[in-house]
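Raw run.pdb, PDB, C-alpha atoms, pLDDT in the B column:
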MODEL        1
ATOM      1  CA  MET N   1     -77.520-123.713 -49.116  1.00 49.00           C
ATOM      2  CA  THR N   2     -79.194-126.686 -47.520  1.00 53.00           C
ATOM      3  CA  SER N   3     -80.832-125.906 -44.201  1.00 60.00           C
ATOM      4  CA  ASN N   4     -82.006-128.277 -41.514  1.00 63.00           C
ATOM      5  CA  LEU N   5     -85.489-127.832 -42.951  1.00 67.00           C
ATOM      6  CA  ASP N   6     -84.404-129.420 -46.258  1.00 65.00           C
ATOM      7  CA  ARG N   7     -83.518-132.843 -44.891  1.00 64.00           C
ATOM      8  CA  GLY N   8     -84.749-135.710 -46.972  1.00 65.00           C
ATOM      9  CA  ASP N   9     -86.925-137.488 -44.416  1.00 70.00           C
ATOM     10  CA  ARG N  10     -90.080-139.021 -45.774  1.00 77.00           C
ATOM     11  CA  SER N  11     -93.227-137.250 -44.689  1.00 86.00           C
ATOM     12  CA  ARG N  12     -95.948-139.012 -42.706  1.00 89.00           C
ATOM     13  CA  GLY N  13     -98.049-139.103 -45.877  1.00 91.00           C
ATOM     14  CA  ASP N  14     -95.166-140.735 -47.798  1.00 91.00           C
ATOM     15  CA  GLN N  15     -94.832-143.365 -45.097  1.00 92.00           C
ATOM     16  CA  ALA N  16     -98.578-144.021 -45.075  1.00 94.00           C
ATOM     17  CA  ARG N  17     -98.671-144.391 -48.877  1.00 94.00           C
ATOM     18  CA  ALA N  18     -95.625-146.706 -48.829  1.00 93.00           C
ATOM     19  CA  ALA N  19     -97.228-148.821 -46.105  1.00 95.00           C
ATOM     20  CA  ALA N  20    -100.503-149.029 -48.042  1.00 96.00           C
ATOM     21  CA  TYR N  21     -98.590-150.081 -51.187  1.00 94.00           C
ATOM     22  CA  LEU N  22     -96.784-152.787 -49.230  1.00 95.00           C
ATOM     23  CA  ARG N  23    -100.073-154.030 -47.746  1.00 96.00           C
ATOM     24  CA  ASP N  24    -101.532-154.260 -51.257  1.00 95.00           C
ATOM     25  CA  PHE N  25     -98.396-155.744 -52.828  1.00 94.00           C
ATOM     26  CA  LEU N  26     -97.359-158.399 -50.303  1.00 96.00           C
ATOM     27  CA  PRO N  27    -100.371-160.765 -50.642  1.00 95.00           C
ATOM     28  CA  GLY N  28     -99.703-160.998 -54.398  1.00 94.00           C
ATOM     29  CA  ILE N  29     -96.025-161.855 -53.972  1.00 94.00           C
ATOM     30  CA  VAL N  30     -96.644-164.288 -51.108  1.00 96.00           C
ATOM     31  CA  GLY N  31     -99.467-165.887 -53.102  1.00 95.00           C
ATOM     32  CA  TYR N  32     -97.203-166.169 -56.131  1.00 94.00           C
ATOM     33  CA  LEU N  33     -94.467-167.905 -54.128  1.00 95.00           C
ATOM     34  CA  VAL N  34     -96.936-170.302 -52.490  1.00 96.00           C
ATOM     35  CA  VAL N  35     -98.570-171.225 -55.802  1.00 95.00           C
ATOM     36  CA  LEU N  36     -95.153-171.544 -57.449  1.00 93.00           C
ATOM     37  CA  VAL N  37     -93.996-174.038 -54.814  1.00 95.00           C
ATOM     38  CA  VAL N  38     -97.267-176.006 -55.134  1.00 94.00           C
ATOM     39  CA  VAL N  39     -97.012-176.063 -58.937  1.00 93.00           C
ATOM     40  CA  LEU N  40     -93.374-177.162 -58.934  1.00 91.00           C
ATOM     41  CA  ARG N  41     -94.155-179.841 -56.321  1.00 91.00           C
ATOM     42  CA  PHE N  42     -97.429-181.232 -57.687  1.00 90.00           C
ATOM     43  CA  GLY N  43     -97.842-179.803 -61.188  1.00 87.00           C
ATOM     44  CA  ASN N  44     -95.934-182.569 -62.982  1.00 87.00           C
ATOM     45  CA  LEU N  45     -94.961-180.053 -65.666  1.00 87.00           C
ATOM     46  CA  ASP N  46     -92.664-182.599 -67.341  1.00 87.00           C
ATOM     47  CA  GLY N  47     -95.543-185.071 -67.751  1.00 87.00           C
ATOM     48  CA  THR N  48     -97.870-185.645 -70.675  1.00 88.00           C
ATOM     49  CA  SER N  49    -101.249-184.778 -69.167  1.00 88.00           C
ATOM     50  CA  GLY N  50    -103.101-181.854 -70.713  1.00 88.00           C
ATOM     51  CA  TRP N  51    -103.706-180.541 -67.210  1.00 89.00           C
ATOM     52  CA  ARG N  52    -100.036-179.533 -66.975  1.00 91.00           C
ATOM     53  CA  TYR N  53    -100.817-176.450 -69.079  1.00 92.00           C
ATOM     54  CA  LEU N  54    -103.340-175.306 -66.495  1.00 92.00           C
ATOM     55  CA  TRP N  55    -100.828-175.987 -63.716  1.00 92.00           C
ATOM     56  CA  ALA N  56     -98.179-174.017 -65.633  1.00 92.00           C
ATOM     57  CA  VAL N  57    -100.237-170.827 -65.756  1.00 93.00           C
ATOM     58  CA  LEU N  58    -101.490-170.994 -62.153  1.00 93.00           C
ATOM     59  CA  PRO N  59     -98.644-168.760 -60.783  1.00 92.00           C
ATOM     60  CA  VAL N  60     -99.924-165.982 -63.054  1.00 93.00           C
ATOM     61  CA  VAL N  61    -103.190-165.746 -61.086  1.00 94.00           C
ATOM     62  CA  PRO N  62    -101.674-164.194 -57.904  1.00 94.00           C
ATOM     63  CA  MET N  63     -99.771-161.745 -60.121  1.00 92.00           C
ATOM     64  CA  LEU N  64    -103.137-160.160 -60.938  1.00 94.00           C
ATOM     65  CA  TRP N  65    -103.090-159.012 -57.307  1.00 94.00           C
ATOM     66  CA  VAL N  66     -99.749-157.296 -57.955  1.00 93.00           C
ATOM     67  CA  LEU N  67    -101.255-155.506 -60.974  1.00 93.00           C
ATOM     68  CA  ARG N  68    -104.085-154.362 -58.706  1.00 96.00           C
ATOM     69  CA  ALA N  69    -101.543-153.097 -56.135  1.00 95.00           C
ATOM     70  CA  VAL N  70     -99.628-151.064 -58.734  1.00 93.00           C
ATOM     71  CA  SER N  71    -102.865-149.668 -60.146  1.00 94.00           C
ATOM     72  CA  ARG N  72    -104.090-148.633 -56.672  1.00 96.00           C
ATOM     73  CA  HIS N  73    -100.702-147.096 -55.873  1.00 95.00           C
ATOM     74  CA  LEU N  74    -100.848-145.035 -59.069  1.00 93.00           C
ATOM     75  CA  ARG N  75    -104.238-143.658 -58.018  1.00 94.00           C
ATOM     76  CA  ARG N  76    -102.982-142.958 -54.487  1.00 94.00           C
ATOM     77  CA  VAL N  77     -99.941-140.814 -55.352  1.00 94.00           C
ATOM     78  CA  ASP N  78     -99.887-137.192 -56.525  1.00 95.00           C
ATOM     79  CA  ASP N  79     -99.444-135.891 -60.075  1.00 94.00           C
ATOM     80  CA  TYR N  80     -95.653-135.616 -59.940  1.00 94.00           C
ATOM     81  CA  GLN N  81     -95.246-139.106 -58.490  1.00 93.00           C
ATOM     82  CA  GLN N  82     -97.608-140.460 -61.147  1.00 94.00           C
ATOM     83  CA  ARG N  83     -95.487-138.829 -63.820  1.00 93.00           C
ATOM     84  CA  LEU N  84     -92.305-140.444 -62.457  1.00 93.00           C
ATOM     85  CA  LEU N  85     -93.992-143.847 -62.098  1.00 92.00           C
ATOM     86  CA  LEU N  86     -95.456-143.772 -65.589  1.00 93.00           C
ATOM     87  CA  ARG N  87     -92.152-142.622 -67.057  1.00 93.00           C
ATOM     88  CA  GLY N  88     -90.486-145.616 -65.399  1.00 94.00           C
ATOM     89  CA  LEU N  89     -93.162-147.945 -66.740  1.00 94.00           C
ATOM     90  CA  GLY N  90     -92.694-146.386 -70.187  1.00 96.00           C
ATOM     91  CA  VAL N  91     -88.951-147.033 -70.102  1.00 96.00           C
ATOM     92  CA  GLY N  92     -89.592-150.612 -68.971  1.00 96.00           C
ATOM     93  CA  PHE N  93     -92.090-151.100 -71.807  1.00 97.00           C
ATOM     94  CA  ALA N  94     -89.657-149.693 -74.396  1.00 97.00           C
ATOM     95  CA  VAL N  95     -86.846-151.945 -73.153  1.00 97.00           C
ATOM     96  CA  ALA N  96     -89.201-154.962 -73.211  1.00 97.00           C
ATOM     97  CA  MET N  97     -90.292-154.196 -76.796  1.00 97.00           C
ATOM     98  CA  PHE N  98     -86.695-153.720 -77.927  1.00 97.00           C
ATOM     99  CA  SER N  99     -85.777-157.016 -76.265  1.00 96.00           C
ATOM    100  CA  ALA N 100     -88.754-158.763 -77.897  1.00 96.00           C
ATOM    101  CA  VAL N 101     -87.687-157.634 -81.377  1.00 97.00           C
ATOM    102  CA  THR N 102     -84.067-158.609 -80.694  1.00 96.00           C
ATOM    103  CA  VAL N 103     -85.080-162.033 -79.365  1.00 95.00           C
ATOM    104  CA  GLY N 104     -87.455-162.469 -82.315  1.00 95.00           C
ATOM    105  CA  PHE N 105     -84.709-161.877 -84.872  1.00 95.00           C
ATOM    106  CA  LEU N 106     -82.295-164.153 -83.011  1.00 95.00           C
ATOM    107  CA  GLY N 107     -85.021-166.830 -83.096  1.00 93.00           C
ATOM    108  CA  ILE N 108     -85.412-166.371 -86.873  1.00 94.00           C
ATOM    109  CA  ALA N 109     -81.645-166.829 -87.168  1.00 94.00           C
ATOM    110  CA  GLY N 110     -82.013-170.208 -85.457  1.00 93.00           C
ATOM    111  CA  MET N 111     -80.971-169.451 -81.888  1.00 92.00           C
ATOM    112  CA  ASP N 112     -82.730-171.528 -79.203  1.00 90.00           C
ATOM    113  CA  MET N 113     -85.248-169.087 -77.681  1.00 86.00           C
ATOM    114  CA  ARG N 114     -87.179-171.293 -75.252  1.00 86.00           C
ATOM    115  CA  LEU N 115     -86.553-168.763 -72.453  1.00 89.00           C
ATOM    116  CA  SER N 116     -87.422-165.755 -74.585  1.00 92.00           C
ATOM    117  CA  GLY N 117     -90.412-164.782 -72.412  1.00 92.00           C
ATOM    118  CA  TRP N 118     -88.227-164.630 -69.314  1.00 92.00           C
ATOM    119  CA  ILE N 119     -85.537-162.633 -71.139  1.00 94.00           C
ATOM    120  CA  ILE N 120     -88.109-160.046 -72.258  1.00 96.00           C
ATOM    121  CA  TYR N 121     -89.705-159.962 -68.803  1.00 94.00           C
ATOM    122  CA  GLY N 122     -86.317-159.528 -67.098  1.00 95.00           C
ATOM    123  CA  ALA N 123     -85.205-156.789 -69.474  1.00 96.00           C
ATOM    124  CA  GLY N 124     -88.477-154.883 -69.025  1.00 96.00           C
ATOM    125  CA  MET N 125     -88.367-155.151 -65.241  1.00 94.00           C
ATOM    126  CA  LEU N 126     -84.716-154.084 -65.199  1.00 95.00           C
ATOM    127  CA  GLY N 127     -85.550-151.076 -67.383  1.00 96.00           C
ATOM    128  CA  TRP N 128     -88.388-150.106 -65.036  1.00 93.00           C
ATOM    129  CA  LEU N 129     -86.236-150.524 -61.907  1.00 93.00           C
ATOM    130  CA  VAL N 130     -83.315-148.515 -63.303  1.00 94.00           C
ATOM    131  CA  ALA N 131     -85.650-145.714 -64.439  1.00 93.00           C
ATOM    132  CA  ALA N 132     -87.406-145.707 -61.040  1.00 88.00           C
ATOM    133  CA  ALA N 133     -84.087-145.628 -59.156  1.00 89.00           C
ATOM    134  CA  PHE N 134     -82.867-142.782 -61.371  1.00 87.00           C
ATOM    135  CA  ALA N 135     -86.082-140.813 -60.748  1.00 81.00           C
ATOM    136  CA  ALA N 136     -85.912-141.428 -56.976  1.00 76.00           C
ATOM    137  CA  LYS N 137     -82.393-139.974 -56.797  1.00 74.00           C
ATOM    138  CA  ARG N 138     -83.472-136.648 -58.327  1.00 66.00           C
TER     139      ARG N 138
ATOM    140  CA  MET V 139     -89.737-125.812 -71.405  1.00 54.00           C
ATOM    141  CA  ASN V 140     -88.499-123.417 -68.694  1.00 59.00           C
ATOM    142  CA  ALA V 141     -89.971-123.962 -65.246  1.00 68.00           C
ATOM    143  CA  VAL V 142     -91.872-121.198 -63.489  1.00 80.00           C
ATOM    144  CA  LYS V 143     -89.750-119.633 -60.744  1.00 88.00           C
ATOM    145  CA  ASN V 144     -91.202-119.576 -57.246  1.00 91.00           C
ATOM    146  CA  CYS V 145     -90.436-118.479 -53.699  1.00 92.00           C
ATOM    147  CA  LEU V 146     -91.869-121.577 -52.071  1.00 95.00           C
ATOM    148  CA  LYS V 147     -88.697-122.453 -50.190  1.00 94.00           C
ATOM    149  CA  VAL V 148     -88.497-118.972 -48.631  1.00 95.00           C
ATOM    150  CA  LEU V 149     -92.158-119.098 -47.617  1.00 95.00           C
ATOM    151  CA  ARG V 150     -91.807-122.586 -46.165  1.00 96.00           C
ATOM    152  CA  GLU V 151     -88.682-121.767 -44.193  1.00 95.00           C
ATOM    153  CA  SER V 152     -90.217-118.544 -42.888  1.00 95.00           C
ATOM    154  CA  ARG V 153     -92.753-120.754 -41.134  1.00 95.00           C
ATOM    155  CA  GLY V 154     -90.115-123.182 -39.901  1.00 94.00           C
ATOM    156  CA  TRP V 155     -91.546-126.098 -41.862  1.00 94.00           C
ATOM    157  CA  THR V 156     -89.604-128.990 -43.316  1.00 93.00           C
ATOM    158  CA  GLN V 157     -90.412-130.201 -46.827  1.00 94.00           C
ATOM    159  CA  GLY V 158     -92.128-133.179 -45.211  1.00 94.00           C
ATOM    160  CA  THR V 159     -94.331-130.940 -43.077  1.00 94.00           C
ATOM    161  CA  LEU V 160     -95.395-128.940 -46.114  1.00 95.00           C
ATOM    162  CA  ALA V 161     -95.934-132.136 -48.105  1.00 95.00           C
ATOM    163  CA  ASP V 162     -98.295-133.474 -45.447  1.00 95.00           C
ATOM    164  CA  GLN V 163    -100.300-130.249 -45.427  1.00 95.00           C
ATOM    165  CA  LEU V 164    -100.640-130.389 -49.212  1.00 96.00           C
ATOM    166  CA  ASP V 165    -101.242-134.157 -49.320  1.00 94.00           C
ATOM    167  CA  VAL V 166     -98.340-134.696 -51.743  1.00 96.00           C
ATOM    168  CA  SER V 167     -94.974-136.427 -51.366  1.00 94.00           C
ATOM    169  CA  ARG V 168     -91.862-134.714 -50.019  1.00 93.00           C
ATOM    170  CA  GLN V 169     -90.235-135.429 -53.374  1.00 92.00           C
ATOM    171  CA  THR V 170     -92.968-133.391 -55.058  1.00 94.00           C
ATOM    172  CA  VAL V 171     -92.386-130.402 -52.763  1.00 95.00           C
ATOM    173  CA  ASN V 172     -88.665-130.643 -53.489  1.00 93.00           C
ATOM    174  CA  ALA V 173     -89.315-130.813 -57.260  1.00 93.00           C
ATOM    175  CA  VAL V 174     -91.531-127.703 -57.140  1.00 95.00           C
ATOM    176  CA  GLU V 175     -89.045-125.751 -55.019  1.00 94.00           C
ATOM    177  CA  THR V 176     -86.118-126.570 -57.293  1.00 91.00           C
ATOM    178  CA  GLY V 177     -88.086-125.785 -60.444  1.00 90.00           C
ATOM    179  CA  ARG V 178     -88.082-129.328 -61.835  1.00 90.00           C
ATOM    180  CA  TYR V 179     -91.860-129.525 -61.714  1.00 92.00           C
ATOM    181  CA  ASP V 180     -94.528-126.907 -62.283  1.00 92.00           C
ATOM    182  CA  PRO V 181     -97.429-127.800 -59.991  1.00 93.00           C
ATOM    183  CA  SER V 182    -100.883-128.565 -61.308  1.00 93.00           C
ATOM    184  CA  LEU V 183    -103.483-125.819 -60.966  1.00 94.00           C
ATOM    185  CA  PRO V 184    -105.212-127.489 -57.974  1.00 95.00           C
ATOM    186  CA  LEU V 185    -101.856-127.821 -56.182  1.00 96.00           C
ATOM    187  CA  ALA V 186    -100.978-124.197 -56.961  1.00 95.00           C
ATOM    188  CA  PHE V 187    -104.308-123.108 -55.454  1.00 96.00           C
ATOM    189  CA  ARG V 188    -103.694-125.233 -52.360  1.00 96.00           C
ATOM    190  CA  LEU V 189    -100.296-123.554 -51.948  1.00 96.00           C
ATOM    191  CA  ALA V 190    -101.835-120.101 -52.363  1.00 96.00           C
ATOM    192  CA  ARG V 191    -104.501-120.875 -49.780  1.00 96.00           C
ATOM    193  CA  LEU V 192    -101.974-122.334 -47.335  1.00 96.00           C
ATOM    194  CA  PHE V 193     -99.610-119.352 -47.529  1.00 96.00           C
ATOM    195  CA  GLU V 194    -102.500-116.867 -47.798  1.00 95.00           C
ATOM    196  CA  ARG V 195    -101.097-115.238 -50.920  1.00 94.00           C
ATOM    197  CA  PRO V 196    -102.250-114.991 -54.520  1.00 94.00           C
ATOM    198  CA  ILE V 197    -100.730-117.546 -56.874  1.00 93.00           C
ATOM    199  CA  GLU V 198     -98.772-114.880 -58.754  1.00 92.00           C
ATOM    200  CA  ALA V 199     -97.096-113.848 -55.468  1.00 92.00           C
ATOM    201  CA  ILE V 200     -95.668-117.352 -55.159  1.00 94.00           C
ATOM    202  CA  PHE V 201     -95.029-118.198 -58.812  1.00 92.00           C
ATOM    203  CA  ASP V 202     -93.387-115.816 -61.267  1.00 86.00           C
ATOM    204  CA  PRO V 203     -93.307-116.996 -64.878  1.00 76.00           C
ATOM    205  CA  ASP V 204     -91.390-113.903 -66.036  1.00 74.00           C
ATOM    206  CA  SER V 205     -88.321-114.154 -63.811  1.00 63.00           C
TER     207      SER V 205
ENDMDL
END

Go ahead and express the file in the form of structure tokens.
Amino acid sequence: MTSNLDRGDRSRGDQARAAAYLRDFLPGIVGYLVVLVVVLRFGNLDGTSGWRYLWAVLPVVPMLWVLRAVSRHLRRVDDYQQRLLLRGLGVGFAVAMFSAVTVGFLGIAGMDMRLSGWIIYGAGMLGWLVAAAFAAKR
Amino acid sequence: MNAVKNCLKVLRESRGWTQGTLADQLDVSRQTVNAVETGRYDPSLPLAFRLARLFERPIEAIFDPDS
């Protein structure tokens, strides 16, 4: 039987950890969007200058901040939460690897795979999100 | 692997605590308290000791691997 004491409210500690994660995460995402807009506006990615390769990878730099946020969040949470997070990351990694092999074979067969990186990235992220949502419902 | 049975929910409710209240006292998430209570997660040794200290009982009075 579920009593009033079993309600699923987040504890104060949960809220504090979520807020800390958001504080760590947001600068990376905002930075990414700002750099992305600047690159698309001024990067001249369709040009012929060698500098366009440097411009093209600039949006990756703020993503390092996101990696830092996830890493700090992993250290902040307890053992059980770490297990759930790492399981989700593992599922995302497996989906990304499966997608990479699939895309690789389709490329060998002659399919146009210019967006292969984005396909693999999207599949991996989707795998991670689905696994995380499944774990959160338990 | 079978989870270790425990009487954590009974102990918590006897003190009128929500899962969130207990989670804050143990410095873990509410989801973790719920997972321990429902037997989905066997706590680490440090967490088991924190529970024992909080409820002022030996670990084996809270967790019963034989039941």

Need the shell around Tyr121 in chain N: protein/DNA/RNA residues with any atom at most 12 Å away, counting all atoms listed in the file. Skip same-chain ones fewer than 6 positions apart. Format as an MDAnalysis selection string? chainID N and resid 92:100 103 115 127:128

Would you save the residues from that selection as an mmCIF file, in the frame of the given file, using C-alpha atoms?
data_model
loop_
_atom_site.group_PDB
_atom_site.id
_atom_site.type_symbol
_atom_site.label_atom_id
_atom_site.label_comp_id
_atom_site.auth_asym_id
_atom_site.auth_seq_id
_atom_site.Cartn_x
_atom_site.Cartn_y
_atom_site.Cartn_z
ATOM 1 C CA GLY N 92 -89.592 -150.612 -68.971
ATOM 2 C CA PHE N 93 -92.090 -151.100 -71.807
ATOM 3 C CA ALA N 94 -89.657 -149.693 -74.396
ATOM 4 C CA VAL N 95 -86.846 -151.945 -73.153
ATOM 5 C CA ALA N 96 -89.201 -154.962 -73.211
ATOM 6 C CA MET N 97 -90.292 -154.196 -76.796
ATOM 7 C CA PHE N 98 -86.695 -153.720 -77.927
ATOM 8 C CA SER N 99 -85.777 -157.016 -76.265
ATOM 9 C CA ALA N 100 -88.754 -158.763 -77.897
ATOM 10 C CA VAL N 103 -85.080 -162.033 -79.365
ATOM 11 C CA LEU N 115 -86.553 -168.763 -72.453
ATOM 12 C CA GLY N 127 -85.550 -151.076 -67.383
ATOM 13 C CA TRP N 128 -88.388 -150.106 -65.036
#

Residues of chain V no more than 9 Å from chain N, counting all atoms listed in the file: send them over as a ChimeraX atom specification. /V:150-151,154-162,165-170,172-173,179,181-182

I need the chosen residues saved as a compact mmCIF listing (two decimals), keeping the file's coordinate frame, with C-alpha atoms.
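Okay, this is what ended up in out04.txt:
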# COMPACT_ATOMS: atom_id res chain seq x y z
CA ARG V 150 -91.81 -122.59 -46.16
CA GLU V 151 -88.68 -121.77 -44.19
CA GLY V 154 -90.12 -123.18 -39.90
CA TRP V 155 -91.55 -126.10 -41.86
CA THR V 156 -89.60 -128.99 -43.32
CA GLN V 157 -90.41 -130.20 -46.83
CA GLY V 158 -92.13 -133.18 -45.21
CA THR V 159 -94.33 -130.94 -43.08
CA LEU V 160 -95.40 -128.94 -46.11
CA ALA V 161 -95.93 -132.14 -48.10
CA ASP V 162 -98.30 -133.47 -45.45
CA ASP V 165 -101.24 -134.16 -49.32
CA VAL V 166 -98.34 -134.70 -51.74
CA SER V 167 -94.97 -136.43 -51.37
CA ARG V 168 -91.86 -134.71 -50.02
CA GLN V 169 -90.24 -135.43 -53.37
CA THR V 170 -92.97 -133.39 -55.06
CA ASN V 172 -88.66 -130.64 -53.49
CA ALA V 173 -89.32 -130.81 -57.26
CA TYR V 179 -91.86 -129.52 -61.71
CA PRO V 181 -97.43 -127.80 -59.99
CA SER V 182 -100.88 -128.56 -61.31

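Picture a line from CA of Arg75 in chain N to CA of Asp24 in chain N; it runs 12.9 Å.
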
Can you translate the PyMOL selection byres ((chain N and resi 36) around 12) into the concrete residues it hits in this file, as a PyMOL selection string? chain N and resi 28-35+37-43+45+55-63

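This file, filtered with the PyMOL selection byres ((chain V and resi 201) around 8), gives the residues Val142, Lys143, Asn144, Cys145, Ile197, Glu198, Ala199, Ile200, Asp202 and Pro203 of chain V.
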
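Here CA of Ile108 in chain N is placed at a distance of 26.4 Å from CA of Asp46 in chain N.
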
Can you work out the spacing between CA of Gly124 in chain N and CA of Leu89 in chain N in Å, to one decimal? 8.7 Å

With distances taken over only C-alpha atoms, which of N:Ala131, N:Gly50, N:Tyr21, N:Met125 is nearest to His73 in chain N?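 Once distances to His73 in chain N are computed over only C-alpha atoms, the minimum belongs to N:Tyr21.
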
Would you compute, for all listed atoms of range 94-111 of chain N, the axis-aligned bounding box grown by 5 Å on each side, and then report its centre and edge lengths in Å rounded to one decimal, as AutoDock Vina command-line options?
--center_x -85.6 --center_y -160.0 --center_z -80.2 --size_x 19.3 --size_y 30.5 --size_z 24.0
